[in-house]
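**Student:** Sharing a structure below in structure tokens format, with a few things to ask.
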Amino acid sequence: MSSFSKRAADIVLFNGVVYTADDADTVHEALAVKEAKIVFVGSNEDVYSYIGEETKTLDLLGKMVIPGMIDSHIHPPGLSLMELYEVQLFDFHSREEYVAAVKKFIDEHPDCRAVYGRGWSWDVFSGEELSKGPRKEYLDAVTTDIPIVLRANDGHTLWLNSKALEVNGITESTQTPPGGVIERELYSEKLWGTLKESAMWLVALPEYSIMQYMEAMVSFQTKMHRFGITGIFCMASLIFKMIYEACGELIKQGNLQLWVRGAMTVNPHDDLTAQIDAINAMRRKYNTPYLQVTAAKFFTDGVIEGGTGHLLAPYKIEAGKGPNHYGDFLWDEKKLKRAFFEANKNGLQVHVHSTGDASTKKVLDAFDFVQTQLPNSDVRNTITHLQLVDKNDIPRFKELNVVASVQPYWHFKGPKWWHRVDFQFLGERAEEEFPLGIFFANGIKVASSSDYPATVDPNPLRAIDIGATRNIDNGSFYGLEDITDMDDSRYLLNKNERASVQQMIKSFTIHAAYALFLDKETGSIEVGKFADLAVLDRNIFRVNPADIDKAKVVMTFFNGKLVYHDPSCSSFHSR
């Protein structure tokens with residue numbers, strides 16, 4: 001065998017814009033792949049020496065190649081189970097439409113014994129319903145014979161009919177779980193029909209078989225590949241651990257084509273040691289190159305729209321929670337420090353849900369404590385959501401090596417939502433919500449994510465657009481004309497927090513890989529790493545940032561294997 005044939009690659013891509021996302025932000029023209037890994041990145045001229053008799057080649061015709069993207073906070077299988085078995089409300093924009101959708105679902109499924117669904121939005125309500133959520137009576141008008149349980153689009157509130165309350169044993173005398181909210185009528189104990197945060201766990205969730213989870217996971221994976229996503233950080237709990245079982249079964253079949261790292265929830269009310277032991281058992285059970293349980297997830301507050309985010313200054317009176325309402329911190333601070341310490345000592349990463357500035361300050365205090373106890377440990381602890389952050393706390397992320405896991409999909413003034421919810425509840429503070437650019441400016445690792453299905457369309461190109469513009473990305477989704485000027489003021493949210501396109505791509509690639517401890521394997525296009533790639537139909541460095549959402553992924557590679565191909569894109573050729 002000649003030295004030339006030994007060097008021949010399996011795949012060569014050339015004549016493109018290859019953004020590597022390496023430390024130097026290098027851009028090349030071509031790359032070569034052999035046995036799942038990248039063996040060359042460089043010029044068109046130099047890549048030809050990697051082309052052999054069996055090499056598949058693709059002329060990119062100027063298309064852009066970036067590393068396969070990673071969603072660093074997501075809830076698989078997303079909407080896949082719902083699309084198969086539940087009612088979807090995301091596409092409706094009024095209470096009447098929600099009720100009609102439920103009625104239609106029951107009419108089409110006359111044998112169903114319960115109705116589950118998700119997707120109602122706070123911004124369609126007003127008055128007391130803006131703070132408490134919709135009343136049960138609307139669903140009672142559809143039926144009181146079977147339970148109806150509908151989760152809000154943010155995932156933090158359930159809307160139920162009277163039958164659902166009854167079958168789950170929730171009455172006027174039911175004690176509210178710590179950290180939860182059972183909404184009631186003003187001046188009485190009569191149940192309103194909504195449960196928030198930990199109170200949601202009073203309600204039985206739908207049960208699906210392992211085969212149903214596998215079917216949904218395959219559908220989810222297909223969707224991820226269509227968006228150029230080759231890795232995820234999975235949010236789960238002991239209740240939802242079947243998602244890991246489904247991934248394990250797909251590995252046995254050779255059908256898992258995503259890097260999956262995952263977390264299991266730790267709550268403040270159960271025995272800490274038992275919970276850590278349970279996560280360690282999951283870690284031992286799922287410990288393959290592609291599937292690993294690596295983290296403990298903590299909730300330290302709720303959400304702003306539910307009045308359950310924990311703030312340094314009180315909510316506005318318009319939030320409907322009375323004066324001097326700050327929202328609750330869900331952990332005793334000393335217990336939280338111990339919990340973080342035990343997780344990190346056991347080699348578990350800590351991943352924290354925190355939306356309010358007071359919550360994030362206390363979380364950083366706990367991380368500071370752990371760092372003094374476990375100095376020089378590489379645990380890459382993470383805080384996600386970060387809707388409000390005290391500016392004095394920003395540098396602490398860098399000092400404590402804390403990853404900021406953000407959801408740029410939400411970083412603009414959403415029509416109806418921002419004025420009706422965020423500004424109502426926060427006042428002028430809403431102008432400063434969702435910091436982004438300041439994290440990059442302070443040298444903090446920023447990993448972007450969708451929190452899908454809280455974000456209905458988890459296309460990272462949308463998030464890159466919004467992060468770079470801090471403006472609306474798709475006006476037609478809201479029935480509006482799309483913007484052409486990124487400085488259009490109608491939906492612009494604090495343009496000082498803009499990030500560059502390069503920074504946004506890195507937040508979905510090498511930074512996200514770092515957050516998942518995968519930066520040695522993937523996240524950038526460098527020799528020796530796995531060939532996880534997304535091919536875009538245009539160079540998004542050269543387009544109006546407001547048009548990045550119009551770009552699309554035309555090919556996705558996972559470990560050198562083509563896992564998605566838009567039929568409109570050119571195909572490979574053999575020499």
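Following the order of the structure tokens, first chain is A, next is B, and so on, with residues numbered from 1 inside each chain and ligands from 1 in the order they appear.
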What are the DSSP strand (DSSP E or B) residues of range 236-468 of chain A, as a ChimeraX atom specification?
**Tutor:** /A:236,259-265,287,291-299,349-354,382-385,403-406,446-448
**Student:** Could you name the residues that touch Glu399 in chain A at 12 Å or less, counting only C-alpha atoms, but leaving out those on the same chain fewer than 3 positions away, as a VMD selection string?
**Tutor:** chain A and resid 364 to 365 367 to 368 371 376 380 393 to 396 402 to 403 442 to 445
**Student:** Now that the selection is made, can you save its residues with C-alpha atoms as a PDB file, in the first residue's frame?
**Tutor:**
ATOM      1  CA  LEU A 364     -22.620  31.861  43.751  1.00  0.00           C
ATOM      2  CA  ASP A 365     -22.096  32.144  47.506  1.00  0.00           C
ATOM      3  CA  PHE A 367     -20.119  27.756  44.910  1.00  0.00           C
ATOM      4  CA  ASP A 368     -17.624  30.054  46.629  1.00  0.00           C
ATOM      5  CA  GLN A 371     -14.308  26.126  46.082  1.00  0.00           C
ATOM      6  CA  ASN A 376      -8.566  23.319  42.046  1.00  0.00           C
ATOM      7  CA  ARG A 380     -17.511  23.188  35.673  1.00  0.00           C
ATOM      8  CA  ASP A 393     -22.015  39.117  40.577  1.00  0.00           C
ATOM      9  CA  ILE A 394     -20.947  38.907  36.931  1.00  0.00           C
ATOM     10  CA  PRO A 395     -17.172  38.721  37.626  1.00  0.00           C
ATOM     11  CA  ARG A 396     -17.777  35.960  40.171  1.00  0.00           C
ATOM     12  CA  VAL A 402     -19.013  28.830  36.665  1.00  0.00           C
ATOM     13  CA  VAL A 403     -20.546  28.293  33.225  1.00  0.00           C
ATOM     14  CA  ASN A 442     -15.797  39.172  31.306  1.00  0.00           C
ATOM     15  CA  GLY A 443     -14.230  36.039  29.829  1.00  0.00           C
ATOM     16  CA  ILE A 444     -16.955  33.739  31.146  1.00  0.00           C
ATOM     17  CA  LYS A 445     -17.754  30.453  29.416  1.00  0.00           C
TER      18      LYS A 445
END
**Student:** Which residues are close to range 115-117 of chain A, i.e. within 8 Å by only C-alpha atoms, leaving aside same-chain residues fewer than 3 positions away? Reply as a VMD selection string.
**Tutor:** chain A and resid 82 86 to 89 102 106 112 146 to 151 206
**Student:** What is the CA of Asn539 in chain A-CA of Gly467 in chain A distance in Å, reported with one decimal?
**Tutor:** 17.0 Å
**Student:** Per DSSP on the backbone, what are the alpha helix (DSSP H) residues of range 406-541 of chain A, as a PDB file with N, CA and C atoms, in the first residue's frame?
**Tutor:**
ATOM      1  N   TRP A 417     -45.801  39.539  25.286  1.00  0.00           N
ATOM      2  CA  TRP A 417     -45.225  38.980  26.509  1.00  0.00           C
ATOM      3  C   TRP A 417     -44.448  40.007  27.317  1.00  0.00           C
ATOM      4  N   PHE A 423     -42.384  43.379  32.014  1.00  0.00           N
ATOM      5  CA  PHE A 423     -42.390  44.778  32.455  1.00  0.00           C
ATOM      6  C   PHE A 423     -43.418  45.005  33.561  1.00  0.00           C
ATOM      7  N   GLN A 424     -44.553  44.315  33.470  1.00  0.00           N
ATOM      8  CA  GLN A 424     -45.565  44.425  34.523  1.00  0.00           C
ATOM      9  C   GLN A 424     -45.014  43.964  35.859  1.00  0.00           C
ATOM     10  N   PHE A 425     -44.256  42.869  35.842  1.00  0.00           N
ATOM     11  CA  PHE A 425     -43.795  42.263  37.087  1.00  0.00           C
ATOM     12  C   PHE A 425     -42.511  42.898  37.614  1.00  0.00           C
ATOM     13  N   LEU A 426     -41.670  43.419  36.710  1.00  0.00           N
ATOM     14  CA  LEU A 426     -40.347  43.888  37.102  1.00  0.00           C
ATOM     15  C   LEU A 426     -40.148  45.386  36.976  1.00  0.00           C
ATOM     16  N   GLY A 437     -23.942  39.732  26.473  1.00  0.00           N
ATOM     17  CA  GLY A 437     -22.662  40.267  26.057  1.00  0.00           C
ATOM     18  C   GLY A 437     -21.710  40.498  27.213  1.00  0.00           C
ATOM     19  N   ILE A 438     -22.240  40.892  28.361  1.00  0.00           N
ATOM     20  CA  ILE A 438     -21.388  41.164  29.520  1.00  0.00           C
ATOM     21  C   ILE A 438     -20.691  39.896  30.016  1.00  0.00           C
ATOM     22  N   PHE A 439     -21.326  38.735  29.837  1.00  0.00           N
ATOM     23  CA  PHE A 439     -20.667  37.482  30.199  1.00  0.00           C
ATOM     24  C   PHE A 439     -19.442  37.255  29.318  1.00  0.00           C
ATOM     25  N   PHE A 440     -19.611  37.413  28.011  1.00  0.00           N
ATOM     26  CA  PHE A 440     -18.480  37.247  27.108  1.00  0.00           C
ATOM     27  C   PHE A 440     -17.385  38.255  27.415  1.00  0.00           C
ATOM     28  N   ALA A 441     -17.786  39.511  27.652  1.00  0.00           N
ATOM     29  CA  ALA A 441     -16.807  40.566  27.910  1.00  0.00           C
ATOM     30  C   ALA A 441     -15.967  40.279  29.146  1.00  0.00           C
ATOM     31  N   PRO A 460     -30.872  26.400  16.622  1.00  0.00           N
ATOM     32  CA  PRO A 460     -29.823  27.281  17.131  1.00  0.00           C
ATOM     33  C   PRO A 460     -29.565  28.509  16.271  1.00  0.00           C
ATOM     34  N   LEU A 461     -29.858  28.450  14.980  1.00  0.00           N
ATOM     35  CA  LEU A 461     -29.638  29.617  14.131  1.00  0.00           C
ATOM     36  C   LEU A 461     -30.553  30.768  14.549  1.00  0.00           C
ATOM     37  N   ARG A 462     -31.719  30.454  15.075  1.00  0.00           N
ATOM     38  CA  ARG A 462     -32.593  31.500  15.641  1.00  0.00           C
ATOM     39  C   ARG A 462     -31.912  32.152  16.832  1.00  0.00           C
ATOM     40  N   ALA A 463     -31.338  31.344  17.695  1.00  0.00           N
ATOM     41  CA  ALA A 463     -30.697  31.877  18.894  1.00  0.00           C
ATOM     42  C   ALA A 463     -29.468  32.703  18.542  1.00  0.00           C
ATOM     43  N   ILE A 464     -28.709  32.267  17.527  1.00  0.00           N
ATOM     44  CA  ILE A 464     -27.535  33.030  17.097  1.00  0.00           C
ATOM     45  C   ILE A 464     -27.976  34.388  16.571  1.00  0.00           C
ATOM     46  N   ASP A 465     -29.041  34.422  15.796  1.00  0.00           N
ATOM     47  CA  ASP A 465     -29.628  35.661  15.296  1.00  0.00           C
ATOM     48  C   ASP A 465     -30.000  36.579  16.452  1.00  0.00           C
ATOM     49  N   ILE A 466     -30.746  36.067  17.415  1.00  0.00           N
ATOM     50  CA  ILE A 466     -31.225  36.904  18.519  1.00  0.00           C
ATOM     51  C   ILE A 466     -30.075  37.364  19.407  1.00  0.00           C
ATOM     52  N   GLY A 467     -29.121  36.475  19.668  1.00  0.00           N
ATOM     53  CA  GLY A 467     -27.985  36.871  20.485  1.00  0.00           C
ATOM     54  C   GLY A 467     -27.177  37.987  19.855  1.00  0.00           C
ATOM     55  N   ALA A 468     -27.074  37.980  18.534  1.00  0.00           N
ATOM     56  CA  ALA A 468     -26.300  38.999  17.826  1.00  0.00           C
ATOM     57  C   ALA A 468     -27.072  40.291  17.636  1.00  0.00           C
ATOM     58  N   THR A 469     -28.410  40.222  17.664  1.00  0.00           N
ATOM     59  CA  THR A 469     -29.230  41.416  17.416  1.00  0.00           C
ATOM     60  C   THR A 469     -29.981  41.902  18.646  1.00  0.00           C
ATOM     61  N   VAL A 501     -21.371  37.236  16.261  1.00  0.00           N
ATOM     62  CA  VAL A 501     -21.799  35.970  15.655  1.00  0.00           C
ATOM     63  C   VAL A 501     -20.818  34.860  16.034  1.00  0.00           C
ATOM     64  N   GLN A 502     -19.515  35.176  16.039  1.00  0.00           N
ATOM     65  CA  GLN A 502     -18.525  34.169  16.440  1.00  0.00           C
ATOM     66  C   GLN A 502     -18.775  33.695  17.867  1.00  0.00           C
ATOM     67  N   GLN A 503     -19.038  34.635  18.763  1.00  0.00           N
ATOM     68  CA  GLN A 503     -19.297  34.261  20.157  1.00  0.00           C
ATOM     69  C   GLN A 503     -20.533  33.382  20.266  1.00  0.00           C
ATOM     70  N   MET A 504     -21.553  33.700  19.499  1.00  0.00           N
ATOM     71  CA  MET A 504     -22.776  32.910  19.566  1.00  0.00           C
ATOM     72  C   MET A 504     -22.550  31.499  19.029  1.00  0.00           C
ATOM     73  N   ILE A 505     -21.796  31.377  17.938  1.00  0.00           N
ATOM     74  CA  ILE A 505     -21.499  30.033  17.435  1.00  0.00           C
ATOM     75  C   ILE A 505     -20.705  29.251  18.474  1.00  0.00           C
ATOM     76  N   LYS A 506     -19.729  29.890  19.084  1.00  0.00           N
ATOM     77  CA  LYS A 506     -18.936  29.194  20.109  1.00  0.00           C
ATOM     78  C   LYS A 506     -19.789  28.768  21.297  1.00  0.00           C
ATOM     79  N   SER A 507     -20.807  29.558  21.609  1.00  0.00           N
ATOM     80  CA  SER A 507     -21.665  29.193  22.741  1.00  0.00           C
ATOM     81  C   SER A 507     -22.443  27.917  22.470  1.00  0.00           C
ATOM     82  N   PHE A 508     -22.648  27.579  21.205  1.00  0.00           N
ATOM     83  CA  PHE A 508     -23.330  26.343  20.824  1.00  0.00           C
ATOM     84  C   PHE A 508     -22.356  25.231  20.439  1.00  0.00           C
ATOM     85  N   ILE A 510     -17.902  24.955  21.003  1.00  0.00           N
ATOM     86  CA  ILE A 510     -16.808  24.626  21.909  1.00  0.00           C
ATOM     87  C   ILE A 510     -17.125  24.964  23.363  1.00  0.00           C
ATOM     88  N   HIS A 511     -17.858  26.045  23.618  1.00  0.00           N
ATOM     89  CA  HIS A 511     -18.217  26.366  25.006  1.00  0.00           C
ATOM     90  C   HIS A 511     -19.212  25.350  25.560  1.00  0.00           C
ATOM     91  N   ALA A 512     -20.168  24.958  24.743  1.00  0.00           N
ATOM     92  CA  ALA A 512     -21.123  23.941  25.186  1.00  0.00           C
ATOM     93  C   ALA A 512     -20.425  22.609  25.402  1.00  0.00           C
ATOM     94  N   ALA A 513     -19.472  22.283  24.514  1.00  0.00           N
ATOM     95  CA  ALA A 513     -18.700  21.047  24.698  1.00  0.00           C
ATOM     96  C   ALA A 513     -17.917  21.104  26.005  1.00  0.00           C
ATOM     97  N   TYR A 514     -17.364  22.252  26.314  1.00  0.00           N
ATOM     98  CA  TYR A 514     -16.650  22.427  27.584  1.00  0.00           C
ATOM     99  C   TYR A 514     -17.589  22.172  28.761  1.00  0.00           C
ATOM    100  N   ALA A 515     -18.782  22.736  28.689  1.00  0.00           N
ATOM    101  CA  ALA A 515     -19.743  22.568  29.787  1.00  0.00           C
ATOM    102  C   ALA A 515     -20.109  21.107  29.993  1.00  0.00           C
TER     103      ALA A 515
END
**Student:** Need to verify the contact set: range 193-200 of chain A, 6 Å, only C-alpha atoms, exclusion of same-chain residues closer than 5 positions in sequence. Can you return it as number ranges by chain?
**Tutor:** A: 135-136, 156-160, 177, 179-183
**Student:** Please, could you write that set of residues out with N, CA and C atoms as a PDB file, in the first residue's frame?
**Tutor:**
ATOM      1  N   ARG A 135     -58.393  29.870  35.245  1.00  0.00           N
ATOM      2  CA  ARG A 135     -59.277  29.184  36.194  1.00  0.00           C
ATOM      3  C   ARG A 135     -59.649  27.786  35.700  1.00  0.00           C
ATOM      4  N   LYS A 136     -59.965  26.924  36.654  1.00  0.00           N
ATOM      5  CA  LYS A 136     -60.376  25.551  36.335  1.00  0.00           C
ATOM      6  C   LYS A 136     -61.713  25.514  35.619  1.00  0.00           C
ATOM      7  N   HIS A 156     -43.599  25.449  34.409  1.00  0.00           N
ATOM      8  CA  HIS A 156     -43.586  25.663  35.859  1.00  0.00           C
ATOM      9  C   HIS A 156     -44.966  25.818  36.488  1.00  0.00           C
ATOM     10  N   THR A 157     -46.025  25.661  35.707  1.00  0.00           N
ATOM     11  CA  THR A 157     -47.386  25.756  36.236  1.00  0.00           C
ATOM     12  C   THR A 157     -48.285  24.751  35.523  1.00  0.00           C
ATOM     13  N   LEU A 158     -49.164  24.108  36.279  1.00  0.00           N
ATOM     14  CA  LEU A 158     -50.192  23.227  35.715  1.00  0.00           C
ATOM     15  C   LEU A 158     -51.562  23.899  35.844  1.00  0.00           C
ATOM     16  N   TRP A 159     -52.342  23.748  34.795  1.00  0.00           N
ATOM     17  CA  TRP A 159     -53.744  24.204  34.768  1.00  0.00           C
ATOM     18  C   TRP A 159     -54.596  22.941  34.725  1.00  0.00           C
ATOM     19  N   LEU A 160     -55.501  22.797  35.705  1.00  0.00           N
ATOM     20  CA  LEU A 160     -56.282  21.563  35.846  1.00  0.00           C
ATOM     21  C   LEU A 160     -57.774  21.853  35.903  1.00  0.00           C
ATOM     22  N   PRO A 177     -46.972  22.031  49.357  1.00  0.00           N
ATOM     23  CA  PRO A 177     -45.599  21.536  49.547  1.00  0.00           C
ATOM     24  C   PRO A 177     -44.616  22.700  49.647  1.00  0.00           C
ATOM     25  N   GLY A 179     -41.955  25.266  48.801  1.00  0.00           N
ATOM     26  CA  GLY A 179     -41.481  25.728  47.502  1.00  0.00           C
ATOM     27  C   GLY A 179     -42.529  25.702  46.417  1.00  0.00           C
ATOM     28  N   GLY A 180     -43.741  25.290  46.741  1.00  0.00           N
ATOM     29  CA  GLY A 180     -44.808  25.227  45.752  1.00  0.00           C
ATOM     30  C   GLY A 180     -45.896  26.256  46.012  1.00  0.00           C
ATOM     31  N   VAL A 181     -46.838  26.318  45.086  1.00  0.00           N
ATOM     32  CA  VAL A 181     -47.977  27.226  45.209  1.00  0.00           C
ATOM     33  C   VAL A 181     -49.231  26.502  44.742  1.00  0.00           C
ATOM     34  N   ILE A 182     -50.260  26.462  45.592  1.00  0.00           N
ATOM     35  CA  ILE A 182     -51.596  26.034  45.180  1.00  0.00           C
ATOM     36  C   ILE A 182     -52.434  27.290  45.153  1.00  0.00           C
ATOM     37  N   GLU A 183     -52.737  27.774  43.966  1.00  0.00           N
ATOM     38  CA  GLU A 183     -53.472  29.034  43.869  1.00  0.00           C
ATOM     39  C   GLU A 183     -54.917  28.851  44.325  1.00  0.00           C
TER      40      GLU A 183
END
**Student:** With a distance cut-off of 12 Å and only C-alpha atoms, select the neighbouring residues of Cys234 in chain A, excluding the residue or stretch itself and same-chain residues fewer than 4 positions from it, and output the selection as number ranges by chain.
**Tutor:** A: 70-78, 217, 240-244, 247, 258-265, 291-297, 351, 449-452, 516
**Student:** Would you mind exporting C-alpha atoms of the selected residues as a short mmCIF file (atom, residue, chain, number, x, y, z; two decimals), in the first residue's frame?
**Tutor:**
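Printed below is selection-v1.cif as written:
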data_model
loop_
_atom_site.label_atom_id
_atom_site.label_comp_id
_atom_site.auth_asym_id
_atom_site.auth_seq_id
_atom_site.Cartn_x
_atom_site.Cartn_y
_atom_site.Cartn_z
CA ILE A 70 -24.67 21.23 21.30
CA ASP A 71 -27.77 22.21 23.26
CA SER A 72 -26.54 22.54 26.84
CA HIS A 73 -29.96 22.49 28.58
CA ILE A 74 -32.79 20.53 26.99
CA HIS A 75 -35.58 18.15 27.98
CA PRO A 76 -35.71 15.20 25.59
CA PRO A 77 -37.76 13.90 23.98
CA GLY A 78 -39.10 17.46 23.85
CA MET A 217 -36.40 9.71 21.19
CA PHE A 240 -38.26 10.79 33.99
CA LYS A 241 -35.25 8.47 34.09
CA MET A 242 -36.78 6.32 31.35
CA ILE A 243 -35.31 8.75 28.84
CA TYR A 244 -31.88 7.38 29.77
CA CYS A 247 -31.07 6.09 25.01
CA LEU A 258 -25.97 12.15 19.65
CA TRP A 259 -23.58 12.87 22.48
CA VAL A 260 -25.82 12.70 25.55
CA ARG A 261 -24.75 13.96 28.94
CA GLY A 262 -27.36 14.25 31.62
CA ALA A 263 -28.41 15.43 35.05
CA MET A 264 -30.74 14.11 37.73
CA THR A 265 -32.64 16.46 40.06
CA LEU A 291 -24.36 8.36 27.09
CA GLN A 292 -23.41 9.45 30.60
CA VAL A 293 -25.19 10.81 33.66
CA THR A 294 -22.72 13.37 34.97
CA ALA A 295 -24.53 16.03 36.99
CA ALA A 296 -26.90 16.91 39.81
CA LYS A 297 -29.55 19.49 38.97
CA HIS A 351 -26.32 22.44 37.27
CA SER A 449 -29.32 26.21 25.01
CA SER A 450 -33.03 26.11 24.23
CA ASP A 451 -34.70 24.57 27.29
CA TYR A 452 -36.83 22.82 24.65
CA LEU A 516 -20.38 18.88 29.00
#
**Student:** Counting only C-alpha atoms, which of A:Val142, A:Val33, A:Val124, A:Val266 gets nearest to Val421 in chain A?
**Tutor:**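 Of the candidates, the smallest distance to Val421 in chain A is held by A:Val124.
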**Student:** Expressed in Å to a single decimal, how great is the separation between CA of Gly475 in chain A and CA of Pro415 in chain A?
**Tutor:** 9.3 Å
**Student:** List the neighbours of Phe92 in chain A out to 10 Å using only C-alpha atoms; skip same-chain residues closer than 4 positions along the sequence, and give me the result as JSON, numbers by chain.
**Tutor:** {"A": [88, 96, 97, 98, 99, 100, 101, 119, 120, 121, 124]}
**Student:** Any idea what's packed within 9 Å of Met214 in chain A, counting only C-alpha atoms, ignoring anything in its chain fewer than 5 positions away? Could you give it as a list in words?
**Tutor:**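 Close residues of Met214 in chain A: Ser209, Ser219, Ile243, Glu245, Ala246, Cys247, Glu249 and Leu250 of chain A.
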